[in-house]
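Worksheet for the structure shown next.
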Number of protein chains: 4
Amino acid sequence: MATVAIVGASGYAGQETLDRVLAHPSLELYALGSDSLAGRPAAELDPRLGRNGWRGIPRFITNEAALSCGADVVFLCLSHEEAATVTPPPRGVVVDLSGAHRFVDPGVYPSWYGFEHPHPDDLESWSYGLPEVTAPVGRLVANPGCYATAALLALAPIKDEIEREVVVVDAKSGMTGAGRSLKPSSHAGAVLENVAPYRVGEHQHAPEIASLLGFPVALVPHLLPVRRGLIATCYVRPLGSDLRSILEAHYAESHVVTVLPEGIAPELSRVQATDGAEIGVFGDRLTGGAFVVCALDNLGKGAAGQAVQNVNLLFGFPETAGLRLSGVLV
Amino acid sequence: MATVAIVGASGYAGQETLDRVLAHPSLELYALGSDSLAGRPAAELDPRLGRNGWRGIPRFITNEAALSCGADVVFLCLSHEEAATVTPPPRGVVVDLSGAHRFVDPGVYPSWYGFEHPHPDDLESWSYGLPEVTAPVGRLVANPGCYATAALLALAPIKDEIEREVVVVDAKSGMTGAGRSLKPSSHAGAVLENVAPYRVGEHQHAPEIASLLGFPVALVPHLLPVRRGLIATCYVRPLGSDLRSILEAHYAESHVVTVLPEGIAPELSRVQATDGAEIGVFGDRLTGGAFVVCALDNLGKGAAGQAVQNVNLLFGFPETAGLRLSGVLV
Amino acid sequence: MATVAIVGASGYAGQETLDRVLAHPSLELYALGSDSLAGRPAAELDPRLGRNGWRGIPRFITNEAALSCGADVVFLCLSHEEAATVTPPPRGVVVDLSGAHRFVDPGVYPSWYGFEHPHPDDLESWSYGLPEVTAPVGRLVANPGCYATAALLALAPIKDEIEREVVVVDAKSGMTGAGRSLKPSSHAGAVLENVAPYRVGEHQHAPEIASLLGFPVALVPHLLPVRRGLIATCYVRPLGSDLRSILEAHYAESHVVTVLPEGIAPELSRVQATDGAEIGVFGDRLTGGAFVVCALDNLGKGAAGQAVQNVNLLFGFPETAGLRLSGVLV
Amino acid sequence: MATVAIVGASGYAGQETLDRVLAHPSLELYALGSDSLAGRPAAELDPRLGRNGWRGIPRFITNEAALSCGADVVFLCLSHEEAATVTPPPRGVVVDLSGAHRFVDPGVYPSWYGFEHPHPDDLESWSYGLPEVTAPVGRLVANPGCYATAALLALAPIKDEIEREVVVVDAKSGMTGAGRSLKPSSHAGAVLENVAPYRVGEHQHAPEIASLLGFPVALVPHLLPVRRGLIATCYVRPLGSDLRSILEAHYAESHVVTVLPEGIAPELSRVQATDGAEIGVFGDRLTGGAFVVCALDNLGKGAAGQAVQNVNLLFGFPETAGLRLSGVLV
């Protein structure tokens with residue numbers, strides 16, 4: 001058993017992490033941090049937390065207190081800028097679900113995130129934890145961004161088999177990807193029955209993808225009128241190898257990522273509320289190009305599910321412990 | 001362990017039942033019946049059924065074969081009229097998720113369901129299984145309708161404490177309640193961004209509710225532009241007792257039904273994809289009336305979840321084995 | 001021609017009013033007020049306002065300036081509390097789309113709206129303008145609430161033909177009914193794929209309906225995951241008259257309200273983005289009660305459309321000038 | 001005035017065409033064809049057609065009768081395969097909203113549409129009517145496909161200024177694009193809360209786009225959980241010219257297509273239920289590529305609106321007569 005503190009537990013990423021920790025056979029909830037709810041019972045965030053077996057869930061404490069409570073695992077579920085200011089506790093695993101520790105180069109932060117990184121020298125201490133591409137190393141883990149996860153699951157295994165100059169990633173995400181804070185773009189009137197691209201040509205997951213692949217891709221993210229789920233349609237030009245075979249081989253042993261049979265496309269509805277991902281591979285009749293489509297849940301494999309998967313690997317727990325990977329819900 | 005056959009496994013109720021059986025510690029899938037898919041691998045219904053640990057799921061067989069395969073439990077997930085024609089196997093538990101065995105009086109069928117019941121004399125052999133109101137008895141169980149479940153969870157415990165002549169149940173359901181068969185009213189163009197009442201004054205769950213309560217209620221069902229979830233807003237006039245106390249006492253020990261604290265209203269989003277139900281109780285400033293609101297998932301507590309709960313009770317398994325009752329998903 | 005000033009033009013009601021004024025043959029836009037956008041070009045609110053024939057639309061000015069600009073018609077599209085503080089200009093028609101002038105009794109405000117009315121003695125100067133029920137009189141018009149409009153269109157013509165003690169109005173509205181300001185309940189994560197009742201037993205449209213009918217009804221409003229549209233399902237017990245005949249006669253000449261043929265239910269999708277209303281009338285097989293269902297657009301007949309209809313009546317324009325009443329869009 | 005017959009009036013395209021004809025100052029409805037509704041009053045399709053001024057709308061007649069009724073304009077709103085069998089009447093304008101006459105080369109039909117064209121020699125008689133790119137000529141007009149319209153509005157003006165080998169069009173459409181006929185993929189359960197690509201690499205609008213541009217693009221269409229609206233995100237690599245200037249100049253006089261100011265992205269919600277289109281132009285910080293995004297309504301500019309626009313041009317009516325181009329609805 002490992003004890004867990006969640007810092008920033010009242011946002012979407014925090015709540016989803018809590019959900020998986022409560023269902024995990026080897027993790028024990030120890031502290032729930034939230035500066036806005038400190039001192040309040042957890043059921044104030046969500047009445048489900050007051051039910052049945054969960055009556056023992058602690059009250060919220062401050063984020064500072066949660067961070068320093070001595071838990072074996074700390075999940076940082078803060079904004080990029082808040083997470084960047086955090087000094088990790090002297091022991092224990094820390095998984096940062098924000099983008100604050102995904103780059104070694106501190107210059108990315110002012111340029112793409114809009115702030116100077118307060119701890120530029122510490123960035124090298126963090127490893128990027130995308131288990132199917134680059135497993136986490138050490139006790140400080142930067143959890144990948146949701147778009148980056150989908151793009152990298154689709155592209156990383158084939159990156160040497162495609163023309164690097166002309167890769168396109170058209171990505172669509174459910175609105176929880178934009179977080180729980182109030183802003184005009186997350187008002188229901190701006191989201192319902194609407195679809196629109198945003199941060200066109202300047203989304204911060206673009207340099208993250210480039211950093212892992214070794215070359216940039218053209219990325220346009222779009223907001224969908226659904227709560228959860230993300231789909232990335234990747235356009236590539238194969239150099240000659242059979243991309244399907246490479247992807248099938250790469251994920252043959254995975255219990256998290258499924259390459260779908262020929263002719264079947266990924267769908268949001270089959271991955272929503274799960275921690276898995278689906279990949280579809282298709283050829284183009286007209287251009288000789290190929291399409292690799294990846295669907296996952298932005299809050300699952302794209303955030304909390306991957307964070308727990310990273311912890312499982314570091315602690316030697318079964319890789320999928322506590323994850324939501326089965327179920328054939330309508 | 002008990003073996004399970006699902007008859008009519010390719011509809012929504014069948015798929016949701018399958019989902020719970022696969023997650024159940026004491027149920028073992030034995031046969032999947034579907035006349036339209038007989039002979040085909042299960043993954044043709046849903047690619048998730050071809051994944052990982054589920055590679056051993058059997059092919060579909062005919063409904064007749066599934067019915068007579070000798071399983072310990074048969075779930076009937078057929079249309080009302082098809083289910084009415086079924087002759088139960090000589091042994092084993094049968095749970096009928098349709099309305100074909102919910103009434104002792106065969107006269108209800110031509111009048112409300114549009115067909116003459118082919119086995120009118122056998123109707124007395126079936127018990128109505130709504131565990132929190134009337135537990136299943138014997139080996140033949142009629143699983144309640146989704147609207148009836150919500151209305152009865154709200155009203156049955158207080159039925160002697162309200163004016164019986166003026167009870168209103170305004171109910172709203174996700175579109176899966178209308179089933180997977182193709183008809184103009186279930187075309188996405190008729191459902192998306194739309195809300196409308198249907199079968200106004202003549203829905204077949206009205207006599208079902210009346211039969212259990214002992215008096216009729218005014219019921220209008222509405223179709224919502226969401227996949228899952230059902231909310232029933234019940235309008236009652238209390239005779240004097242405190243309805244909240246009665247309901248809280250009635251559900252104090254339940255792990256399935258939660259009476260929410262004062263001032264908190266049930267929400268679809270907290271019960272979707274679960275087998276639980278939420279109840280809220282409110283007074284009216286103007287009329288002296290009261291409101292009891294019940295939310296559940298039409299495919300969970302309103303169908304497959306309740307079917308498994310009934311089986312758990314009959315077999316002496318823990319009441320909530322295999323049910324989806326925890327989780328605080330966004 | 002009459003000149004128009006819109007005070008509070010940047011909210012939903014203001015924008016919808018603007019839309020109708022721009023399409024009106026006898027109204028001319030004169031001033032657009034918005035304290036938050038004062039000094040900015042109108043296209044900053046919505047790029048459509050910079051297009052084609054609309055390039056002449058003025059910049060926003062302050063609400064105070066718009067109020068006192070001398071326009072022939074002022075539409076007040078403010079919050080209840082802001083509108084209550086307004087001193088009407090000395091001449092011209094003023095239509096208040098908020099609830100600030102719908103009651104003669106100032107005691108309603110602290111009790112149901114949460115504030116003391118700053119001008120209690122002026123309330124008698126305002127008339128309630130629901131043309132099909134009570135036409136506007138004088139130059140100061142209180143435009144009805146959206147739920148009140150739907151309930152009164154259904155119930156006012158039959159109020160002497162039903163048992164008054166037991167009327168229920170179950171109402172469901174699109175989320176624009178809650179306005180454009182940012183609050184947790186209007187965050188897309190709280191609205192999408194969700195349905196929930198709110199202000200149960202204490203919504204401020206309940207006394208408004210009671211005031212017009214002469215007796216209270218039991219009202220529960222619900223928020224729907226759609227942008228626009230409102231449906232009110234009213235449960236009544238007829239005293240003996242044929243309610244359908246009464247309603248058909250009442251609306252026989254109306255170009256705004258349609259009583260649907262027997263067996264056809266109102267649908268949100270047919271009234272969305274229009275200024276009309278649909279009414280359906282049904283009997284109940286079990287209880288002897290009847291159902292009158294009214295659907296309209298909360299921003300159309302429930303707000304801006306009705307405001308313009310009131311102006312048309314006061315100025316002697318054709319009643320439906322500038323309204324959206326035709327169209328059979330999918 | 002010109003008289004109009006609509007052949008196939010009961011599908012989505014037919015209903016939307018009807019809607020525009022009824023609002024058109026110079027078109028007069030003459031015949032409504034529908035084989036499934038022949039002999040029935042129009043109000044059976046939609047109760048709105050029985051209202052007010054529309055009480056004179058004719059009953060449906062057969063498609064054959066509508067085709068040969070001698071109207072000045074015939075709108076063909078049939079399936080591709082049905083439309084291909086039609087012999088145009090000897091006089092009058094015919095606008096085919098299907099794909100049956102968009103190609104001169106009959107070989108496209110077996111390969112991309114799944115049927116041999118029954119009148120291959122007549123294909124040369126039809127002109128492709130996309131007014132902003134290639135105006136209709138003669139009396140037989142092939143109305144463009146919805147995806148093709150969006151892609152061509154974005155790409156045709158810049159086709160000589162980009163690398164032709166690497167153009168990507170990622171397109172997303174509301175579900176009405178798939179038509180009103182019943183099929184599993186248009187069941188609400190497959191559409192709601194879901195997003196998925198379909199016909200990946202083999203959609204029939206790909207050769208249509210290639211035919212007009214002179215080179216193929218990589219196209220993946222996706223189905224969105226909304227009724228109306230289409231957005232095409234085009235990825236291009238500029239050869240050096242400023243794409244924004246070219247597009248702004250091309251559409252400077254258009255009342256149908258708007259190039260949005262820098263930094264503003266097209267949104268479905270601003271074009272839904274209109275006959276206009278929005279275009280946004282963006283650069284990419286990382287790759288040197290550019291993005292041209294076009295949003296329109298698949299049933300408006302992508303179908304019925306464009307059909308009427310084509311008729312306006314051929315008859316010398318104002319280009320936008322009867323079109324829905326103004327309005328700033330929420």
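How things are named: the first chain in the structure tokens is A, the next is B, and so on; residues count from 1 in each chain; ligands count from 1 in the order shown.
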
Check: which chain A residues lie within 7 Å of chain D using only C-alpha atoms, as a JSON list (two decimals) with C-alpha atoms, in the first residue's frame:
```json
[["chain", "number", "residue", "atom", "x", "y", "z"],
["A", 166, "VAL", "CA", 4.12, 17.23, -43.39],
["A", 170, "ASP", "CA", -6.37, 17.60, -36.12],
["A", 193, "GLU", "CA", -24.29, 22.81, -30.08],
["A", 194, "ASN", "CA", -21.03, 24.48, -31.07],
["A", 195, "VAL", "CA", -17.67, 23.36, -32.41],
["A", 196, "ALA", "CA", -14.74, 25.69, -32.92],
["A", 197, "PRO", "CA", -10.97, 25.54, -33.21],
["A", 200, "VAL", "CA", -4.94, 27.80, -33.69],
["A", 201, "GLY", "CA", -1.24, 27.49, -34.45],
["A", 202, "GLU", "CA", -0.19, 28.25, -30.90],
["A", 216, "PRO", "CA", 7.05, 19.54, -35.22],
["A", 217, "VAL", "CA", 3.55, 18.72, -36.45],
["A", 218, "ALA", "CA", 0.75, 21.03, -37.53],
["A", 226, "VAL", "CA", -19.41, 16.78, -25.05],
["A", 265, "ALA", "CA", -12.79, 3.71, -36.71],
["A", 266, "PRO", "CA", -12.26, 4.90, -33.15],
["A", 267, "GLU", "CA", -15.30, 6.47, -31.50],
["A", 268, "LEU", "CA", -15.49, 8.80, -28.54],
["A", 269, "SER", "CA", -18.33, 6.81, -27.05],
["A", 282, "PHE", "CA", -6.52, 3.80, -42.76],
["A", 283, "GLY", "CA", -5.15, 4.43, -46.22],
["A", 284, "ASP", "CA", -6.30, 7.15, -48.64],
["A", 285, "ARG", "CA", -7.54, 6.20, -52.10],
["A", 286, "LEU", "CA", -6.55, 9.48, -53.67],
["A", 287, "THR", "CA", -3.35, 10.81, -52.18]]
```

Can you pull out the residues contacting segment 297-311 of chain D? Cut-off 7 Å, using only C-alpha atoms, and skip same-chain residues under 4 positions away; I want them as a PyMOL selection string. chain D and resi 13+16-17+95+97+129+131+136+143+145-146+149+177+228-230+271-277+315+319-320+323

Considering only alpha helix (DSSP H) as DSSP defines it on the backbone, what residues of segment 37-90 of chain B qualify? List them as number ranges by chain. B: 63-67, 80-85

Taking the backbone alone, and naming residues the way the document does, which bits of segment 84-202 of chain D are strand (DSSP E or B) by DSSP, as a CSV table (one decimal) with N, CA and C atoms, in the first residue's frame?
```
chain,number,residue,atom,x,y,z
D,93,VAL,N,-35.3,25.4,-65.3
D,93,VAL,CA,-34.0,25.1,-64.6
D,93,VAL,C,-34.2,23.9,-63.7
D,94,VAL,N,-33.2,23.1,-63.6
D,94,VAL,CA,-33.1,22.0,-62.7
D,94,VAL,C,-31.9,22.1,-61.8
D,95,VAL,N,-32.1,22.1,-60.5
D,95,VAL,CA,-30.9,22.1,-59.6
D,95,VAL,C,-30.9,20.7,-58.9
D,96,ASP,N,-29.9,20.0,-59.1
D,96,ASP,CA,-29.8,18.7,-58.4
D,96,ASP,C,-28.9,18.8,-57.2
D,127,SER,N,-23.8,21.9,-65.3
D,127,SER,CA,-22.7,22.7,-64.8
D,127,SER,C,-22.6,22.6,-63.3
D,128,TYR,N,-21.5,22.8,-62.7
D,128,TYR,CA,-21.2,22.7,-61.3
D,128,TYR,C,-21.4,24.2,-60.7
D,130,LEU,N,-21.1,26.5,-57.9
D,130,LEU,CA,-20.6,27.0,-56.6
D,130,LEU,C,-20.2,28.5,-56.9
D,134,THR,N,-17.2,28.9,-59.1
D,134,THR,CA,-17.6,28.7,-60.5
D,134,THR,C,-19.1,28.8,-60.6
D,140,LEU,N,-29.1,23.3,-66.3
D,140,LEU,CA,-29.0,22.1,-65.5
D,140,LEU,C,-27.8,22.3,-64.6
D,141,VAL,N,-28.1,22.4,-63.3
D,141,VAL,CA,-27.1,22.7,-62.3
D,141,VAL,C,-26.8,21.6,-61.3
D,142,ALA,N,-25.6,21.2,-61.2
D,142,ALA,CA,-25.2,20.3,-60.1
D,142,ALA,C,-24.8,21.1,-58.9
D,162,ILE,N,-0.2,27.5,-52.8
D,162,ILE,CA,0.2,26.5,-51.8
D,162,ILE,C,0.8,25.3,-52.4
D,168,VAL,N,-4.4,19.1,-46.5
D,168,VAL,CA,-5.2,18.2,-45.6
D,168,VAL,C,-6.5,19.0,-45.4
D,169,VAL,N,-7.7,18.3,-45.4
D,169,VAL,CA,-9.0,18.9,-45.1
D,169,VAL,C,-9.6,18.0,-44.0
D,170,ASP,N,-9.6,18.4,-42.8
D,170,ASP,CA,-10.2,17.7,-41.7
D,170,ASP,C,-11.6,18.3,-41.5
D,171,ALA,N,-12.7,17.5,-41.7
D,171,ALA,CA,-14.0,18.1,-41.8
D,171,ALA,C,-14.9,17.4,-40.8
D,172,LYS,N,-15.8,18.3,-40.2
D,172,LYS,CA,-16.7,17.8,-39.2
D,172,LYS,C,-18.1,18.3,-39.5
D,173,SER,N,-19.1,17.4,-39.5
D,173,SER,CA,-20.4,17.8,-39.9
D,173,SER,C,-21.5,17.4,-38.9
D,187,HIS,N,-29.0,6.5,-35.8
D,187,HIS,CA,-29.7,6.3,-34.5
D,187,HIS,C,-29.1,7.2,-33.5
D,196,ALA,N,-16.9,10.6,-34.3
D,196,ALA,CA,-16.2,9.5,-35.0
D,196,ALA,C,-15.9,9.9,-36.4
D,197,PRO,N,-14.8,9.5,-37.0
D,197,PRO,CA,-14.6,9.7,-38.4
D,197,PRO,C,-15.3,8.6,-39.2
```

Gln204 of chain D surroundings by only C-alpha atoms, 7 Å radius, close-in-sequence under 4 positions cut, as a PyMOL selection string: chain D and resi 112-113+208

Ala9 of chain D: which residues within 7 Å, counting only C-alpha atoms, same-chain residues fewer than 3 positions away excluded, as JSON, numbers by chain? {"D": [6, 14, 15, 32, 33, 34, 77]}

Next, the residues of the selection above should be written as a JSON list (two decimals), in the first residue's frame with N, CA and C atoms.
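After the write, part-v5.json holds the following:
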```json
[["chain", "number", "residue", "atom", "x", "y", "z"],
["D", 6, "ILE", "N", -40.50, 20.92, -55.91],
["D", 6, "ILE", "CA", -39.46, 20.25, -55.12],
["D", 6, "ILE", "C", -39.70, 18.75, -55.23],
["D", 14, "GLY", "N", -34.85, 18.61, -48.93],
["D", 14, "GLY", "CA", -36.12, 19.07, -49.46],
["D", 14, "GLY", "C", -36.82, 20.03, -48.53],
["D", 15, "GLN", "N", -36.82, 19.70, -47.25],
["D", 15, "GLN", "CA", -37.50, 20.57, -46.28],
["D", 15, "GLN", "C", -36.81, 21.92, -46.18],
["D", 32, "LEU", "N", -45.05, 19.90, -54.52],
["D", 32, "LEU", "CA", -44.21, 19.23, -53.53],
["D", 32, "LEU", "C", -44.24, 17.74, -53.82],
["D", 33, "GLY", "N", -43.13, 17.17, -54.24],
["D", 33, "GLY", "CA", -43.12, 15.75, -54.56],
["D", 33, "GLY", "C", -42.53, 14.91, -53.45],
["D", 34, "SER", "N", -43.18, 13.80, -53.18],
["D", 34, "SER", "CA", -42.64, 12.81, -52.25],
["D", 34, "SER", "C", -43.37, 11.51, -52.49],
["D", 77, "CYS", "N", -34.17, 16.77, -54.79],
["D", 77, "CYS", "CA", -33.68, 16.50, -53.44],
["D", 77, "CYS", "C", -33.76, 15.00, -53.17]]
```

What lies within 8 Å of segment 45-59 of chain B using only C-alpha atoms, ignoring chain neighbours under 4 positions off, as a PyMOL selection string? (chain A and resi 255+258+260+270+326-328) or (chain B and resi 10+29-32+38-41)

Dump of N, CA and C atoms for the selected residues, as a PDB file, in the first residue's frame:
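Below is the file that was written, result06.pdb:
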```pdb
ATOM      1  N   HIS A 255      -2.535  -3.517 -22.475  1.00  0.00           N
ATOM      2  CA  HIS A 255      -3.913  -3.621 -21.994  1.00  0.00           C
ATOM      3  C   HIS A 255      -4.586  -2.250 -21.971  1.00  0.00           C
ATOM      4  N   THR A 258      -5.556  -0.133 -27.762  1.00  0.00           N
ATOM      5  CA  THR A 258      -6.046  -1.162 -28.688  1.00  0.00           C
ATOM      6  C   THR A 258      -5.959  -0.656 -30.114  1.00  0.00           C
ATOM      7  N   LEU A 260      -7.538  -1.063 -33.507  1.00  0.00           N
ATOM      8  CA  LEU A 260      -8.797  -1.647 -33.976  1.00  0.00           C
ATOM      9  C   LEU A 260      -8.580  -2.422 -35.281  1.00  0.00           C
ATOM     10  N   ARG A 270     -16.827   4.905 -27.145  1.00  0.00           N
ATOM     11  CA  ARG A 270     -16.271   3.654 -26.595  1.00  0.00           C
ATOM     12  C   ARG A 270     -15.123   3.896 -25.630  1.00  0.00           C
ATOM     13  N   SER A 326     -12.189  -2.023 -18.586  1.00  0.00           N
ATOM     14  CA  SER A 326     -13.179  -2.946 -19.114  1.00  0.00           C
ATOM     15  C   SER A 326     -14.515  -2.230 -19.155  1.00  0.00           C
ATOM     16  N   GLY A 327     -15.552  -2.957 -19.439  1.00  0.00           N
ATOM     17  CA  GLY A 327     -16.862  -2.320 -19.518  1.00  0.00           C
ATOM     18  C   GLY A 327     -17.243  -2.117 -20.962  1.00  0.00           C
ATOM     19  N   VAL A 328     -18.488  -2.445 -21.277  1.00  0.00           N
ATOM     20  CA  VAL A 328     -18.990  -2.227 -22.643  1.00  0.00           C
ATOM     21  C   VAL A 328     -20.266  -1.414 -22.554  1.00  0.00           C
TER      22      VAL A 328
ATOM     23  N   SER B  10     -28.132  -8.204 -27.957  1.00  0.00           N
ATOM     24  CA  SER B  10     -27.606  -7.138 -28.822  1.00  0.00           C
ATOM     25  C   SER B  10     -28.338  -5.809 -28.666  1.00  0.00           C
ATOM     26  N   LEU B  29     -20.415 -15.853 -17.518  1.00  0.00           N
ATOM     27  CA  LEU B  29     -21.139 -15.800 -18.793  1.00  0.00           C
ATOM     28  C   LEU B  29     -21.081 -17.147 -19.492  1.00  0.00           C
ATOM     29  N   TYR B  30     -22.244 -17.595 -19.939  1.00  0.00           N
ATOM     30  CA  TYR B  30     -22.341 -18.943 -20.490  1.00  0.00           C
ATOM     31  C   TYR B  30     -22.858 -18.893 -21.926  1.00  0.00           C
ATOM     32  N   ALA B  31     -23.797 -18.010 -22.192  1.00  0.00           N
ATOM     33  CA  ALA B  31     -24.371 -17.953 -23.536  1.00  0.00           C
ATOM     34  C   ALA B  31     -24.891 -16.558 -23.823  1.00  0.00           C
ATOM     35  N   LEU B  32     -24.639 -16.128 -25.063  1.00  0.00           N
ATOM     36  CA  LEU B  32     -25.123 -14.817 -25.532  1.00  0.00           C
ATOM     37  C   LEU B  32     -26.088 -15.077 -26.684  1.00  0.00           C
ATOM     38  N   ALA B  38     -26.659 -14.341 -34.505  1.00  0.00           N
ATOM     39  CA  ALA B  38     -26.309 -15.743 -34.212  1.00  0.00           C
ATOM     40  C   ALA B  38     -25.210 -16.230 -35.157  1.00  0.00           C
ATOM     41  N   GLY B  39     -24.197 -16.827 -34.566  1.00  0.00           N
ATOM     42  CA  GLY B  39     -23.089 -17.342 -35.353  1.00  0.00           C
ATOM     43  C   GLY B  39     -21.927 -16.372 -35.496  1.00  0.00           C
ATOM     44  N   ARG B  40     -22.138 -15.124 -35.110  1.00  0.00           N
ATOM     45  CA  ARG B  40     -21.106 -14.100 -35.273  1.00  0.00           C
ATOM     46  C   ARG B  40     -20.322 -13.946 -33.971  1.00  0.00           C
ATOM     47  N   PRO B  41     -19.052 -13.545 -34.077  1.00  0.00           N
ATOM     48  CA  PRO B  41     -18.292 -13.279 -32.854  1.00  0.00           C
ATOM     49  C   PRO B  41     -18.850 -12.064 -32.118  1.00  0.00           C
TER      50      PRO B  41
END
```
